Amino acid sequence: MLKDPFRLEITPYWILLPSGASVCAEMALPQPWEYQRAATQWVITLGRFRIVAHLDATHDLGGLKSFIDYTTNSNVAVRSLTANGVPGVTHGGYGPPRTWIDWWFKKGDVMICLCLQSVSFPVATPLVDEIAEHESIIGSLKYSPDFPGELPPVVANR
């Protein structure tokens, strides 16, 4: 359940966030293995937790398993899920030693990758209300071309 929600648009996706959430966009500069590629990531702070989001136009949902197998664990199992008709995969949990849950959703040409993390280390044990808030945020994900009637009209400046 989200208190006084507002909509964050990360085109072509949008999610609902509670009124107390703060959002900032950061530019991730190119890494040595990413030839001249900079990317934007959105950091959503939710008290003791945060969600880091970015768009990916080059990979697909199968990339989550490969990414986790390569970076942290090996031979992990990801779960399939759907939010408002948008297919996705997820992996992770609320710890220990740290909260780290990835959700990747893709519809159309662009994938949105969301990663929930505890702000503190080693772990912030979530309250029931916090888990419900996180689930509501993920469950609110929409692919905007599927919901054209819900988007605000564009008004030209006069």
# chains A, B, ... in the order shown; residues from 1 in each chain; ligands from 1
>>> residues_around(residues="segment 112-129 of chain A", least_positions_apart="2", cutoff="7 Å", atoms="only C-alpha atoms", output="list in words")
Arg48, Phe49, Arg50, Ile51, Val52, Ala53, His54, Leu55, Asp56, Gly95, Pro96, Pro97, Arg98, Thr99, Trp100, Ile101, Asp102, Trp103, Trp104, Phe105, Lys106, Val110, Ile131, Ala132 and Glu133 of chain A
>>> residues_around(residues="Val23 of chain A", least_positions_apart="3", cutoff="8 Å", atoms="only C-alpha atoms", output="list of chain:residue names")
A:Trp42, A:Val43, A:Ile44, A:Thr45
>>> write_last_selection(atoms="N, CA and C atoms", output="mmCIF file, in the first residue's frame")
data_model
loop_
_atom_site.group_PDB
_atom_site.id
_atom_site.type_symbol
_atom_site.label_atom_id
_atom_site.label_comp_id
_atom_site.auth_asym_id
_atom_site.auth_seq_id
_atom_site.Cartn_x
_atom_site.Cartn_y
_atom_site.Cartn_z
ATOM 1 N N TRP A 42 18.372 5.960 -11.990
ATOM 2 C CA TRP A 42 17.522 6.681 -11.060
ATOM 3 C C TRP A 42 17.653 6.008 -9.710
ATOM 4 N N VAL A 43 17.895 6.800 -8.663
ATOM 5 C CA VAL A 43 18.001 6.278 -7.306
ATOM 6 C C VAL A 43 16.780 6.766 -6.531
ATOM 7 N N ILE A 44 15.980 5.806 -6.095
ATOM 8 C CA ILE A 44 14.740 6.085 -5.373
ATOM 9 C C ILE A 44 14.989 5.701 -3.918
ATOM 10 N N THR A 45 14.956 6.677 -3.022
ATOM 11 C CA THR A 45 15.207 6.413 -1.612
ATOM 12 C C THR A 45 13.879 6.272 -0.881
#
>>> closest_atom_pairs(of="segment 88-151 of chain A", to="segment 5-16 of chain A", cutoff="7 Å", atoms="only C-alpha atoms", output="Markdown table")
| residue | atom | partner | partner_atom | distance |
| --- | --- | --- | --- | --- |
| A:Ile137 | CA | A:Leu16 | CA | 5.7 |
| A:Ser140 | CA | A:Ile15 | CA | 5.4 |
| A:Leu141 | CA | A:Ile15 | CA | 4.5 |
| A:Lys142 | CA | A:Trp14 | CA | 5.4 |
| A:Tyr143 | CA | A:Tyr13 | CA | 4.6 |
| A:Ser144 | CA | A:Pro12 | CA | 5.5 |
>>> atom_distance(atom1="atom CA of Asn75 of chain A", atom2="atom CA of Val89 of chain A")
15.2 Å
>>> select_by_dssp(residues="segment 45-111 of chain A", states="strand (DSSP E)", output="PyMOL selection string")
chain A and resi 45-46+49-56+79-83+86-93+100-107+110-111
>>> write_last_selection(atoms="N, CA and C atoms", output="mmCIF file, in the first residue's frame")
data_model
loop_
_atom_site.group_PDB
_atom_site.id
_atom_site.type_symbol
_atom_site.label_atom_id
_atom_site.label_comp_id
_atom_site.auth_asym_id
_atom_site.auth_seq_id
_atom_site.Cartn_x
_atom_site.Cartn_y
_atom_site.Cartn_z
ATOM 1 N N THR A 45 14.956 6.677 -3.022
ATOM 2 C CA THR A 45 15.207 6.413 -1.612
ATOM 3 C C THR A 45 13.879 6.272 -0.881
ATOM 4 N N LEU A 46 13.768 5.162 -0.165
ATOM 5 C CA LEU A 46 12.546 4.813 0.577
ATOM 6 C C LEU A 46 12.902 4.535 2.029
ATOM 7 N N PHE A 49 15.624 1.762 2.687
ATOM 8 C CA PHE A 49 15.850 1.018 1.453
ATOM 9 C C PHE A 49 15.926 1.976 0.280
ATOM 10 N N ARG A 50 16.468 1.473 -0.811
ATOM 11 C CA ARG A 50 16.491 2.262 -2.047
ATOM 12 C C ARG A 50 16.302 1.308 -3.215
ATOM 13 N N ILE A 51 15.766 1.877 -4.292
ATOM 14 C CA ILE A 51 15.643 1.146 -5.545
ATOM 15 C C ILE A 51 16.469 1.896 -6.573
ATOM 16 N N VAL A 52 17.379 1.200 -7.210
ATOM 17 C CA VAL A 52 18.174 1.776 -8.291
ATOM 18 C C VAL A 52 17.587 1.241 -9.593
ATOM 19 N N ALA A 53 17.284 2.138 -10.518
ATOM 20 C CA ALA A 53 16.635 1.754 -11.775
ATOM 21 C C ALA A 53 17.442 2.264 -12.957
ATOM 22 N N HIS A 54 17.463 1.471 -14.025
ATOM 23 C CA HIS A 54 18.052 1.932 -15.285
ATOM 24 C C HIS A 54 17.355 1.213 -16.436
ATOM 25 N N LEU A 55 17.480 1.811 -17.612
ATOM 26 C CA LEU A 55 16.927 1.216 -18.833
ATOM 27 C C LEU A 55 18.040 0.489 -19.577
ATOM 28 N N ASP A 56 17.678 -0.557 -20.294
ATOM 29 C CA ASP A 56 18.647 -1.334 -21.056
ATOM 30 C C ASP A 56 18.019 -1.697 -22.398
ATOM 31 N N ARG A 79 13.137 -16.283 -11.068
ATOM 32 C CA ARG A 79 11.711 -16.556 -11.170
ATOM 33 C C ARG A 79 11.088 -15.627 -12.186
ATOM 34 N N SER A 80 10.157 -16.147 -12.946
ATOM 35 C CA SER A 80 9.392 -15.322 -13.880
ATOM 36 C C SER A 80 8.249 -14.658 -13.131
ATOM 37 N N LEU A 81 7.881 -13.458 -13.564
ATOM 38 C CA LEU A 81 6.737 -12.761 -13.009
ATOM 39 C C LEU A 81 6.197 -11.800 -14.055
ATOM 40 N N THR A 82 5.030 -11.264 -13.805
ATOM 41 C CA THR A 82 4.402 -10.305 -14.712
ATOM 42 C C THR A 82 3.789 -9.197 -13.883
ATOM 43 N N ALA A 83 3.960 -7.960 -14.322
ATOM 44 C CA ALA A 83 3.332 -6.810 -13.671
ATOM 45 C C ALA A 83 2.527 -6.065 -14.724
ATOM 46 N N VAL A 86 3.398 -6.839 -18.227
ATOM 47 C CA VAL A 86 4.805 -6.687 -18.601
ATOM 48 C C VAL A 86 5.572 -7.879 -18.032
ATOM 49 N N PRO A 87 6.140 -8.729 -18.904
ATOM 50 C CA PRO A 87 6.882 -9.897 -18.414
ATOM 51 C C PRO A 87 8.205 -9.493 -17.779
ATOM 52 N N GLY A 88 8.592 -10.285 -16.756
ATOM 53 C CA GLY A 88 9.844 -9.995 -16.078
ATOM 54 C C GLY A 88 10.427 -11.219 -15.409
ATOM 55 N N VAL A 89 11.579 -11.003 -14.796
ATOM 56 C CA VAL A 89 12.256 -12.024 -13.993
ATOM 57 C C VAL A 89 12.768 -11.352 -12.730
ATOM 58 N N THR A 90 12.957 -12.146 -11.681
ATOM 59 C CA THR A 90 13.457 -11.610 -10.419
ATOM 60 C C THR A 90 14.393 -12.598 -9.752
ATOM 61 N N HIS A 91 15.250 -12.051 -8.907
ATOM 62 C CA HIS A 91 16.159 -12.864 -8.106
ATOM 63 C C HIS A 91 16.582 -12.043 -6.898
ATOM 64 N N GLY A 92 16.763 -12.709 -5.773
ATOM 65 C CA GLY A 92 17.279 -12.045 -4.581
ATOM 66 C C GLY A 92 16.322 -12.157 -3.426
ATOM 67 N N GLY A 93 16.669 -11.452 -2.331
ATOM 68 C CA GLY A 93 15.845 -11.512 -1.134
ATOM 69 C C GLY A 93 16.257 -10.449 -0.132
ATOM 70 N N TRP A 100 18.997 -7.484 -1.319
ATOM 71 C CA TRP A 100 19.358 -7.242 -2.709
ATOM 72 C C TRP A 100 18.377 -8.034 -3.566
ATOM 73 N N ILE A 101 17.426 -7.337 -4.176
ATOM 74 C CA ILE A 101 16.443 -7.997 -5.029
ATOM 75 C C ILE A 101 16.453 -7.292 -6.381
ATOM 76 N N ASP A 102 16.652 -8.066 -7.439
ATOM 77 C CA ASP A 102 16.611 -7.538 -8.798
ATOM 78 C C ASP A 102 15.298 -7.926 -9.451
ATOM 79 N N TRP A 103 14.717 -6.983 -10.188
ATOM 80 C CA TRP A 103 13.568 -7.235 -11.052
ATOM 81 C C TRP A 103 13.906 -6.658 -12.407
ATOM 82 N N TRP A 104 13.810 -7.445 -13.443
ATOM 83 C CA TRP A 104 14.003 -6.958 -14.810
ATOM 84 C C TRP A 104 12.707 -7.213 -15.564
ATOM 85 N N PHE A 105 12.196 -6.162 -16.208
ATOM 86 C CA PHE A 105 10.969 -6.252 -16.994
ATOM 87 C C PHE A 105 11.244 -5.775 -18.407
ATOM 88 N N LYS A 106 10.630 -6.436 -19.381
ATOM 89 C CA LYS A 106 10.822 -5.993 -20.760
ATOM 90 C C LYS A 106 9.565 -6.205 -21.578
ATOM 91 N N LYS A 107 9.162 -5.118 -22.218
ATOM 92 C CA LYS A 107 8.084 -5.156 -23.191
ATOM 93 C C LYS A 107 8.495 -4.152 -24.259
ATOM 94 N N VAL A 110 12.790 -1.878 -24.996
ATOM 95 C CA VAL A 110 13.605 -1.421 -23.873
ATOM 96 C C VAL A 110 13.213 -2.153 -22.595
ATOM 97 N N MET A 111 14.231 -2.567 -21.846
ATOM 98 C CA MET A 111 14.025 -3.248 -20.574
ATOM 99 C C MET A 111 14.277 -2.259 -19.443
#
>>> select_by_dssp(residues="chain A", states="alpha helix (DSSP H)", output="list of chain:residue names")
A:Gly63, A:Leu64, A:Lys65, A:Ser66, A:Phe67, A:Ile68, A:Asp69, A:Tyr70, A:Thr71, A:Val128, A:Asp129, A:Glu130, A:Ile131, A:Ala132, A:Glu133, A:His134, A:Glu135, A:Ser136, A:Ile137, A:Ile138, A:Gly139
>>> atom_distance(atom1="atom CA of Thr40 of chain A", atom2="atom CA of Ser136 of chain A")
24.0 Å
>>> atom_distance(atom1="atom CA of Leu17 of chain A", atom2="atom CA of Asp109 of chain A")
24.3 Å
>>> closest_residue(among="A:Gly108, A:Glu26, A:Asp146, A:Gln41", to="His59 of chain A", atoms="only C-alpha atoms")
A:Gly108
>>> decode(residues="segment 48-97 of chain A", atoms="C-alpha atoms", output="PDB file, in the first residue's frame")
ATOM      1  CA  ARG A  48      16.028   2.353   5.023  1.00  0.00           C
ATOM      2  CA  PHE A  49      15.850   1.018   1.453  1.00  0.00           C
ATOM      3  CA  ARG A  50      16.491   2.262  -2.047  1.00  0.00           C
ATOM      4  CA  ILE A  51      15.643   1.146  -5.545  1.00  0.00           C
ATOM      5  CA  VAL A  52      18.174   1.776  -8.291  1.00  0.00           C
ATOM      6  CA  ALA A  53      16.635   1.754 -11.775  1.00  0.00           C
ATOM      7  CA  HIS A  54      18.052   1.932 -15.285  1.00  0.00           C
ATOM      8  CA  LEU A  55      16.927   1.216 -18.833  1.00  0.00           C
ATOM      9  CA  ASP A  56      18.647  -1.334 -21.056  1.00  0.00           C
ATOM     10  CA  ALA A  57      18.061  -1.454 -24.798  1.00  0.00           C
ATOM     11  CA  THR A  58      20.610  -4.171 -25.595  1.00  0.00           C
ATOM     12  CA  HIS A  59      19.815  -7.146 -23.325  1.00  0.00           C
ATOM     13  CA  ASP A  60      16.797  -9.316 -22.623  1.00  0.00           C
ATOM     14  CA  LEU A  61      15.335 -10.994 -19.547  1.00  0.00           C
ATOM     15  CA  GLY A  62      17.738 -13.949 -19.833  1.00  0.00           C
ATOM     16  CA  GLY A  63      20.560 -11.561 -19.020  1.00  0.00           C
ATOM     17  CA  LEU A  64      19.654 -11.411 -15.318  1.00  0.00           C
ATOM     18  CA  LYS A  65      20.685 -15.009 -14.667  1.00  0.00           C
ATOM     19  CA  SER A  66      23.865 -14.573 -16.702  1.00  0.00           C
ATOM     20  CA  PHE A  67      24.703 -11.336 -14.880  1.00  0.00           C
ATOM     21  CA  ILE A  68      24.268 -12.844 -11.401  1.00  0.00           C
ATOM     22  CA  ASP A  69      26.086 -16.056 -12.365  1.00  0.00           C
ATOM     23  CA  TYR A  70      29.023 -13.947 -13.580  1.00  0.00           C
ATOM     24  CA  THR A  71      29.176 -11.331 -10.798  1.00  0.00           C
ATOM     25  CA  THR A  72      28.191 -12.908  -7.478  1.00  0.00           C
ATOM     26  CA  ASN A  73      26.739 -16.426  -7.439  1.00  0.00           C
ATOM     27  CA  SER A  74      26.845 -19.299  -9.833  1.00  0.00           C
ATOM     28  CA  ASN A  75      24.019 -21.308 -11.313  1.00  0.00           C
ATOM     29  CA  VAL A  76      21.228 -19.248  -9.725  1.00  0.00           C
ATOM     30  CA  ALA A  77      17.550 -19.727 -10.480  1.00  0.00           C
ATOM     31  CA  VAL A  78      15.492 -16.684 -11.439  1.00  0.00           C
ATOM     32  CA  ARG A  79      11.711 -16.556 -11.170  1.00  0.00           C
ATOM     33  CA  SER A  80       9.392 -15.322 -13.880  1.00  0.00           C
ATOM     34  CA  LEU A  81       6.737 -12.761 -13.009  1.00  0.00           C
ATOM     35  CA  THR A  82       4.402 -10.305 -14.712  1.00  0.00           C
ATOM     36  CA  ALA A  83       3.332  -6.810 -13.671  1.00  0.00           C
ATOM     37  CA  ASN A  84       0.330  -5.353 -15.522  1.00  0.00           C
ATOM     38  CA  GLY A  85       1.065  -7.438 -18.597  1.00  0.00           C
ATOM     39  CA  VAL A  86       4.805  -6.687 -18.601  1.00  0.00           C
ATOM     40  CA  PRO A  87       6.882  -9.897 -18.414  1.00  0.00           C
ATOM     41  CA  GLY A  88       9.844  -9.995 -16.078  1.00  0.00           C
ATOM     42  CA  VAL A  89      12.256 -12.024 -13.993  1.00  0.00           C
ATOM     43  CA  THR A  90      13.457 -11.610 -10.419  1.00  0.00           C
ATOM     44  CA  HIS A  91      16.159 -12.864  -8.106  1.00  0.00           C
ATOM     45  CA  GLY A  92      17.279 -12.045  -4.581  1.00  0.00           C
ATOM     46  CA  GLY A  93      15.845 -11.512  -1.134  1.00  0.00           C
ATOM     47  CA  TYR A  94      15.863  -9.542   2.079  1.00  0.00           C
ATOM     48  CA  GLY A  95      19.156 -10.975   3.322  1.00  0.00           C
ATOM     49  CA  PRO A  96      21.236 -11.989   5.074  1.00  0.00           C
ATOM     50  CA  PRO A  97      23.801 -10.594   4.670  1.00  0.00           C
TER      51      PRO A  97
END
